[in-house]
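Structure first, then comments.
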Amino acid sequence: PTLRRLSHYLLAHYQKGSRPVRDWRTTTNVAIDLMVYAILSVDEKNQVLTTYIWYRQHWTDEFLKWDPARFDNLTQISLPVESIWVPDILINEFVDVGKSPHVPYVYVSHHGEVQNLKPIQVMTACSLDIYSFPFDVQNCSLTFTSWLHHIRDINLSLWRQPELVKFDRSVFMNQGEWELLYVLSRFQEFSVKSSDSYAEMKFYVVIRRRPLFYTVSLLLPSIFLMVMDIVGFYLPPHSGERVSFKITLLLGYSVFLIIVSDTLPATAVGTPLIGIYFVVCMALLVISLTETILIVRLVHKQDLQPHVPEWVKHLLLERATILLCVRDRKKFSQSRTQSLDISRQVENNDSTAKLTPYVCEDPRECGAVQGTRSTLAFDGRTEGLAALQEVLRETTAIRQLLEKREEFRDVAREWLQVGYVLDVLLFRMYLAAVLAYSITLGTLWSVWRDA
């Protein structure tokens, strides 16, 4: 048969141990091509990228030529790859032997052109930058070079045009976590300590992570918890429910971080921005709880506190209320002024009742009263004086108790007003910090995603 005769003709005296050129000064030019089939895994901790590529080599073997007219016009034949010379082209970034299928044949044309097409599972070292996770873009290189032969023996070139290689996604499986953006190619010469130069063909595989899964599972729950923390400020500060609510949120966020800790990529050279985002959110929750404890302590147990200092009244009850546009600013001052006016009016009425004597209008009534006074003056003077002093002491004690209670109420009202104004001030500062932080992160992630 023709195939058997041609195979015997080509391999009968073939020596695969030497470079297939008749003149040793002739350079063997190997054209290579690469197509990315799938991104299998990205190991951020070990800085390893696993890809599956379709790799093609093309070179000219001067000892594998024939005349097609002698072999029934046969122009192409497949030969065993173990029977002919194959260039020793490797990938410099290899870190492990891939599970690549073995292709035992190569195609040879009658001009001596050899085509070696094979799929390769590549496990290569790659410097992965996870700072912008989950909106990160990775750029990993695959460097093809001859391990032994310098550029005078084996030179490398690109099989197709760089523009065709760059945007070729015809065989890429676009259903995983990563999507292929483009593949850049560049030729360069490499030498070590002024030795002979080696030809290198670099392929830069640029991939981008799909962030939808991480946005739903990581960012949205954190955002919901932070929104609930902001809503918790609308609970009354003088009730203890706000403290328990904030503590529950803090514990829930701690459990959330424990759950998602395995999802975040971990490296020894850096921390992703989303990890910093979680830490800052935890810090904001702690600050919110601290502010709540301060306000609750301020508006509770005012009986044990002194009067509000004048500088605090000036800063919080006058300046801060105008700055914050607090509507209830006049209500507290009016109620306090009315209570003081009522107490002063009661004091004036009591003093007037003590100093004003009884005046009778009828002369006969005055005479009867004077007679009665002269009769009972001596007998009831002692008992009446003692009873009057007792009534006076009781009345004085009751009045002092009421005055003390009113003073406590005034102090409590003042501290409650200070607590409300301070709560509004701290809440707006907290809200401004959260908004600024959210806008900054959103801008950074939007820039990275559109880059």
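Within each chain, counting starts at residue 1; across the structure tokens, chains are named A, B, ... in the order shown, with ligands numbered 1 upward in that order.
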### All residues 9 Å or closer to Gln47 in chain A, only C-alpha atoms, same chain fewer than 3 positions away omitted, as a list in words
Val42, Asp43, Glu44, Thr124, Ala125, Cys126, Ser127, Leu128 and Thr267 of chain A
### Query
If you count only C-alpha atoms, which residues fall within 8 Å of Glu200 in chain A, apart from same-chain ones fewer than 2 positions away, as an MDAnalysis selection string?
chainID A and resid 143:146 156 187:190 198 202
### Query
Leaving out range 60-65 of chain A and any residue of its chain fewer than 2 positions from it, which residues lie within 6 Å of it when counting only C-alpha atoms, given as a VMD selection string?
chain A and resid 10 20 to 21 110 to 114
For those residues, write all heavy atoms to a file as a compact mmCIF listing (two decimals), in the first residue's frame.
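Saved result, part25.txt, follows:
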```
# COMPACT_ATOMS: atom_id res chain seq x y z
N LEU A 10 10.46 7.03 4.12
CA LEU A 10 10.89 8.19 4.93
C LEU A 10 11.68 7.77 6.16
O LEU A 10 12.65 8.45 6.54
CB LEU A 10 9.67 9.01 5.34
CG LEU A 10 8.89 9.71 4.21
CD1 LEU A 10 7.65 10.39 4.76
CD2 LEU A 10 9.78 10.71 3.49
N PRO A 20 17.22 18.15 12.03
CA PRO A 20 16.99 17.74 10.63
C PRO A 20 17.35 18.85 9.63
O PRO A 20 16.47 19.44 8.98
CB PRO A 20 15.49 17.43 10.60
CG PRO A 20 14.91 18.33 11.64
CD PRO A 20 15.93 18.43 12.72
N VAL A 21 18.64 19.14 9.53
CA VAL A 21 19.11 20.09 8.52
C VAL A 21 20.32 19.48 7.83
O VAL A 21 21.10 18.74 8.45
CB VAL A 21 19.49 21.44 9.17
CG1 VAL A 21 18.24 22.18 9.65
CG2 VAL A 21 20.47 21.27 10.30
N HIS A 110 4.67 16.81 1.81
CA HIS A 110 5.74 16.39 0.90
C HIS A 110 6.86 17.43 0.80
O HIS A 110 7.93 17.13 0.29
CB HIS A 110 5.16 16.11 -0.49
CG HIS A 110 4.65 17.34 -1.17
ND1 HIS A 110 3.46 17.95 -0.84
CD2 HIS A 110 5.19 18.09 -2.18
CE1 HIS A 110 3.28 19.01 -1.61
NE2 HIS A 110 4.32 19.12 -2.45
N HIS A 111 6.64 18.66 1.30
CA HIS A 111 7.70 19.66 1.34
C HIS A 111 8.55 19.56 2.60
O HIS A 111 9.46 20.36 2.79
CB HIS A 111 7.11 21.07 1.26
CG HIS A 111 6.40 21.34 -0.03
ND1 HIS A 111 7.06 21.39 -1.24
CD2 HIS A 111 5.09 21.57 -0.31
CE1 HIS A 111 6.19 21.66 -2.21
NE2 HIS A 111 4.98 21.76 -1.67
N GLY A 112 8.23 18.61 3.46
CA GLY A 112 8.97 18.44 4.71
C GLY A 112 8.43 19.25 5.87
O GLY A 112 9.08 19.33 6.92
N GLU A 113 7.25 19.86 5.68
CA GLU A 113 6.64 20.64 6.76
C GLU A 113 5.94 19.70 7.74
O GLU A 113 5.10 18.89 7.35
CB GLU A 113 5.65 21.64 6.19
CG GLU A 113 6.29 22.66 5.25
CD GLU A 113 5.27 23.58 4.62
OE1 GLU A 113 4.06 23.33 4.83
OE2 GLU A 113 5.67 24.52 3.92
N VAL A 114 6.31 19.84 9.01
CA VAL A 114 5.78 18.98 10.08
C VAL A 114 4.84 19.81 10.95
O VAL A 114 5.19 20.92 11.37
CB VAL A 114 6.91 18.38 10.94
CG1 VAL A 114 6.34 17.44 11.99
CG2 VAL A 114 7.92 17.67 10.05
```
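Comparing the minimum interatomic distances between Ile287 in chain A and each of A:Trp59, A:Tyr430, A:Phe94, A:Tyr52, counting only C-alpha atoms, we find that A:Tyr430 sits nearest.
A straight line drawn from CA of Leu184 in chain A to CA of Lys166 in chain A is 5.4 Å long.
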Can you pull out every residue from range 140-188 of chain A that DSSP, working from the backbone, puts in strand (DSSP E or B), and format the result as a CSV table (one decimal) with N, CA, C and O atoms, in the first residue's frame?
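Here's the written file part.csv:
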```
chain,number,residue,atom,x,y,z
A,140,CYS,N,-1.5,36.3,33.3
A,140,CYS,CA,-0.6,35.2,33.5
A,140,CYS,C,0.1,34.9,32.1
A,140,CYS,O,-0.5,34.9,31.1
A,141,SER,N,1.4,34.6,32.2
A,141,SER,CA,2.2,34.4,31.0
A,141,SER,C,2.5,33.0,30.8
A,141,SER,O,2.7,32.2,31.8
A,142,LEU,N,2.6,32.6,29.6
A,142,LEU,CA,3.1,31.2,29.1
A,142,LEU,C,4.3,31.5,28.2
A,142,LEU,O,4.1,32.0,27.1
A,143,THR,N,5.5,31.1,28.7
A,143,THR,CA,6.7,31.4,27.9
A,143,THR,C,7.2,30.1,27.3
A,143,THR,O,7.6,29.2,28.0
A,144,PHE,N,7.2,30.0,26.0
A,144,PHE,CA,7.6,28.9,25.2
A,144,PHE,C,9.1,29.1,24.7
A,144,PHE,O,9.4,30.2,24.1
A,145,THR,N,10.0,28.2,25.0
A,145,THR,CA,11.4,28.4,24.6
A,145,THR,C,12.0,27.0,24.5
A,145,THR,O,11.5,26.0,25.1
A,146,SER,N,13.1,26.9,23.8
A,146,SER,CA,13.9,25.7,23.7
A,146,SER,C,14.8,25.6,24.9
A,146,SER,O,15.5,26.6,25.2
A,154,ILE,N,17.7,27.0,16.9
A,154,ILE,CA,16.2,26.9,16.9
A,154,ILE,C,15.7,28.4,17.2
A,154,ILE,O,16.0,28.9,18.2
A,155,ASN,N,15.0,28.9,16.2
A,155,ASN,CA,14.3,30.2,16.4
A,155,ASN,C,12.8,30.0,16.4
A,155,ASN,O,12.3,29.1,15.8
A,156,LEU,N,12.1,30.9,17.1
A,156,LEU,CA,10.7,30.8,17.3
A,156,LEU,C,10.0,31.9,16.6
A,156,LEU,O,10.5,33.0,16.5
A,157,SER,N,8.8,31.6,16.2
A,157,SER,CA,8.0,32.7,15.5
A,157,SER,C,6.5,32.3,15.8
A,157,SER,O,6.2,31.2,16.3
A,158,LEU,N,5.6,33.2,15.4
A,158,LEU,CA,4.2,33.1,15.6
A,158,LEU,C,3.6,32.5,14.4
A,158,LEU,O,3.8,33.0,13.3
A,178,TRP,N,-14.3,32.2,35.4
A,178,TRP,CA,-13.4,33.1,34.7
A,178,TRP,C,-13.8,33.2,33.2
A,178,TRP,O,-14.2,32.3,32.6
A,179,GLU,N,-13.7,34.4,32.7
A,179,GLU,CA,-13.8,34.7,31.3
A,179,GLU,C,-12.5,35.2,30.7
A,179,GLU,O,-11.8,35.9,31.3
A,180,LEU,N,-12.3,34.8,29.4
A,180,LEU,CA,-11.1,35.1,28.7
A,180,LEU,C,-11.3,36.5,28.0
A,180,LEU,O,-12.2,36.6,27.3
A,181,LEU,N,-10.4,37.4,28.3
A,181,LEU,CA,-10.5,38.7,27.7
A,181,LEU,C,-9.7,38.7,26.4
A,181,LEU,O,-10.3,39.0,25.3
A,182,TYR,N,-8.4,38.4,26.4
A,182,TYR,CA,-7.6,38.3,25.2
A,182,TYR,C,-6.3,37.6,25.5
A,182,TYR,O,-6.0,37.4,26.7
A,183,VAL,N,-5.6,37.3,24.5
A,183,VAL,CA,-4.3,36.7,24.6
A,183,VAL,C,-3.3,37.5,23.8
A,183,VAL,O,-3.4,37.6,22.6
A,184,LEU,N,-2.3,38.1,24.5
A,184,LEU,CA,-1.2,38.8,23.9
A,184,LEU,C,0.0,38.0,23.6
A,184,LEU,O,0.3,37.0,24.4
A,185,SER,N,0.7,38.3,22.5
A,185,SER,CA,1.9,37.5,22.1
A,185,SER,C,3.0,38.4,21.9
A,185,SER,O,2.8,39.5,21.4
A,186,ARG,N,4.2,38.0,22.3
A,186,ARG,CA,5.4,38.8,22.1
A,186,ARG,C,6.7,37.9,22.0
A,186,ARG,O,6.8,37.0,22.8
A,187,PHE,N,7.5,38.2,21.0
A,187,PHE,CA,8.8,37.5,20.9
A,187,PHE,C,9.9,38.3,21.5
A,187,PHE,O,10.0,39.5,21.4
A,188,GLN,N,10.8,37.6,22.2
A,188,GLN,CA,12.0,38.2,22.8
A,188,GLN,C,13.1,37.2,22.8
A,188,GLN,O,12.9,36.0,22.8
```
### Message
Considering only alpha helix (DSSP H) as DSSP defines it on the backbone, what residues of range 127-250 of chain A qualify? List them as a ChimeraX atom specification.
### Response
/A:162-166,212-214,220-231,241-250
### Task
Would you mind listing what lies within 12 Å of range 242-249 of chain A as number ranges by chain, with only C-alpha atoms counted and same-chain residues fewer than 4 positions away left out?
A: 221-222, 224-238, 253-256, 281-282, 284-297
Can you write out the residues you just picked, keeping N, CA and C atoms, as a compact mmCIF listing (two decimals), in the first residue's frame?
```
# COMPACT_ATOMS: atom_id res chain seq x y z
N PRO A 221 -25.29 40.51 51.76
CA PRO A 221 -25.58 40.32 53.19
C PRO A 221 -24.91 41.35 54.08
N SER A 222 -23.68 41.71 53.77
CA SER A 222 -23.00 42.73 54.56
C SER A 222 -23.70 44.08 54.44
N PHE A 224 -26.87 44.57 53.79
CA PHE A 224 -28.15 44.50 54.52
C PHE A 224 -27.93 44.69 56.03
N LEU A 225 -26.89 44.07 56.57
CA LEU A 225 -26.62 44.23 58.00
C LEU A 225 -26.25 45.68 58.34
N MET A 226 -25.49 46.33 57.47
CA MET A 226 -25.15 47.72 57.73
C MET A 226 -26.37 48.63 57.63
N VAL A 227 -27.28 48.33 56.71
CA VAL A 227 -28.51 49.12 56.61
C VAL A 227 -29.36 48.94 57.86
N MET A 228 -29.44 47.72 58.37
CA MET A 228 -30.19 47.50 59.61
C MET A 228 -29.54 48.21 60.79
N ASP A 229 -28.23 48.32 60.78
CA ASP A 229 -27.56 49.07 61.84
C ASP A 229 -27.92 50.54 61.78
N ILE A 230 -28.01 51.09 60.57
CA ILE A 230 -28.41 52.50 60.44
C ILE A 230 -29.87 52.69 60.85
N VAL A 231 -30.74 51.75 60.48
CA VAL A 231 -32.14 51.85 60.87
C VAL A 231 -32.28 51.76 62.39
N GLY A 232 -31.38 51.02 63.06
CA GLY A 232 -31.45 50.89 64.52
C GLY A 232 -31.29 52.20 65.26
N PHE A 233 -30.76 53.23 64.61
CA PHE A 233 -30.63 54.54 65.27
C PHE A 233 -31.98 55.20 65.49
N TYR A 234 -33.02 54.76 64.80
CA TYR A 234 -34.34 55.36 64.98
C TYR A 234 -35.08 54.78 66.18
N LEU A 235 -34.52 53.79 66.86
CA LEU A 235 -35.09 53.35 68.12
C LEU A 235 -34.86 54.42 69.19
N PRO A 236 -35.79 54.57 70.16
CA PRO A 236 -35.62 55.60 71.20
C PRO A 236 -34.34 55.37 71.99
N PRO A 237 -33.53 56.40 72.18
CA PRO A 237 -32.26 56.20 72.90
C PRO A 237 -32.43 55.94 74.39
N HIS A 238 -33.58 56.34 74.97
CA HIS A 238 -33.77 56.14 76.40
C HIS A 238 -34.29 54.74 76.73
N TYR A 253 -22.96 39.65 62.48
CA TYR A 253 -21.90 39.97 61.53
C TYR A 253 -20.65 39.13 61.80
N SER A 254 -20.37 38.85 63.07
CA SER A 254 -19.23 37.99 63.40
C SER A 254 -19.43 36.58 62.85
N VAL A 255 -20.64 36.06 62.99
CA VAL A 255 -20.94 34.72 62.45
C VAL A 255 -20.84 34.74 60.92
N PHE A 256 -21.29 35.83 60.30
CA PHE A 256 -21.20 35.96 58.85
C PHE A 256 -19.75 35.95 58.37
N CYS A 281 -16.37 47.43 58.22
CA CYS A 281 -17.78 47.30 58.59
C CYS A 281 -17.92 46.81 60.03
N MET A 282 -17.08 45.86 60.42
CA MET A 282 -17.09 45.42 61.81
C MET A 282 -16.72 46.56 62.76
N LEU A 284 -17.20 49.74 62.19
CA LEU A 284 -18.33 50.67 62.23
C LEU A 284 -19.44 50.16 63.14
N LEU A 285 -19.68 48.86 63.14
CA LEU A 285 -20.68 48.29 64.06
C LEU A 285 -20.26 48.47 65.51
N VAL A 286 -18.97 48.29 65.80
CA VAL A 286 -18.47 48.50 67.15
C VAL A 286 -18.62 49.96 67.56
N ILE A 287 -18.29 50.89 66.64
CA ILE A 287 -18.45 52.31 66.93
C ILE A 287 -19.93 52.65 67.17
N SER A 288 -20.80 52.07 66.37
CA SER A 288 -22.24 52.29 66.56
C SER A 288 -22.71 51.79 67.92
N LEU A 289 -22.24 50.62 68.34
CA LEU A 289 -22.61 50.10 69.66
C LEU A 289 -22.05 50.98 70.77
N THR A 290 -20.83 51.45 70.61
CA THR A 290 -20.24 52.34 71.61
C THR A 290 -21.03 53.64 71.73
N GLU A 291 -21.43 54.19 70.60
CA GLU A 291 -22.23 55.42 70.63
C GLU A 291 -23.57 55.18 71.31
N THR A 292 -24.19 54.02 71.06
CA THR A 292 -25.47 53.72 71.69
C THR A 292 -25.32 53.58 73.20
N ILE A 293 -24.27 52.91 73.64
CA ILE A 293 -24.04 52.77 75.08
C ILE A 293 -23.82 54.14 75.73
N LEU A 294 -23.10 55.03 75.06
CA LEU A 294 -22.86 56.37 75.59
C LEU A 294 -24.16 57.15 75.72
N ILE A 295 -25.01 57.09 74.70
CA ILE A 295 -26.27 57.85 74.75
C ILE A 295 -27.20 57.28 75.81
N VAL A 296 -27.30 55.95 75.89
CA VAL A 296 -28.17 55.34 76.91
C VAL A 296 -27.67 55.67 78.30
N ARG A 297 -26.37 55.66 78.50
CA ARG A 297 -25.82 56.05 79.81
C ARG A 297 -26.11 57.52 80.12
```
### Task
Could you check how far CA of Phe172 in chain A sits from CA of Leu49 in chain A, in Å to one decimal?
16.0 Å
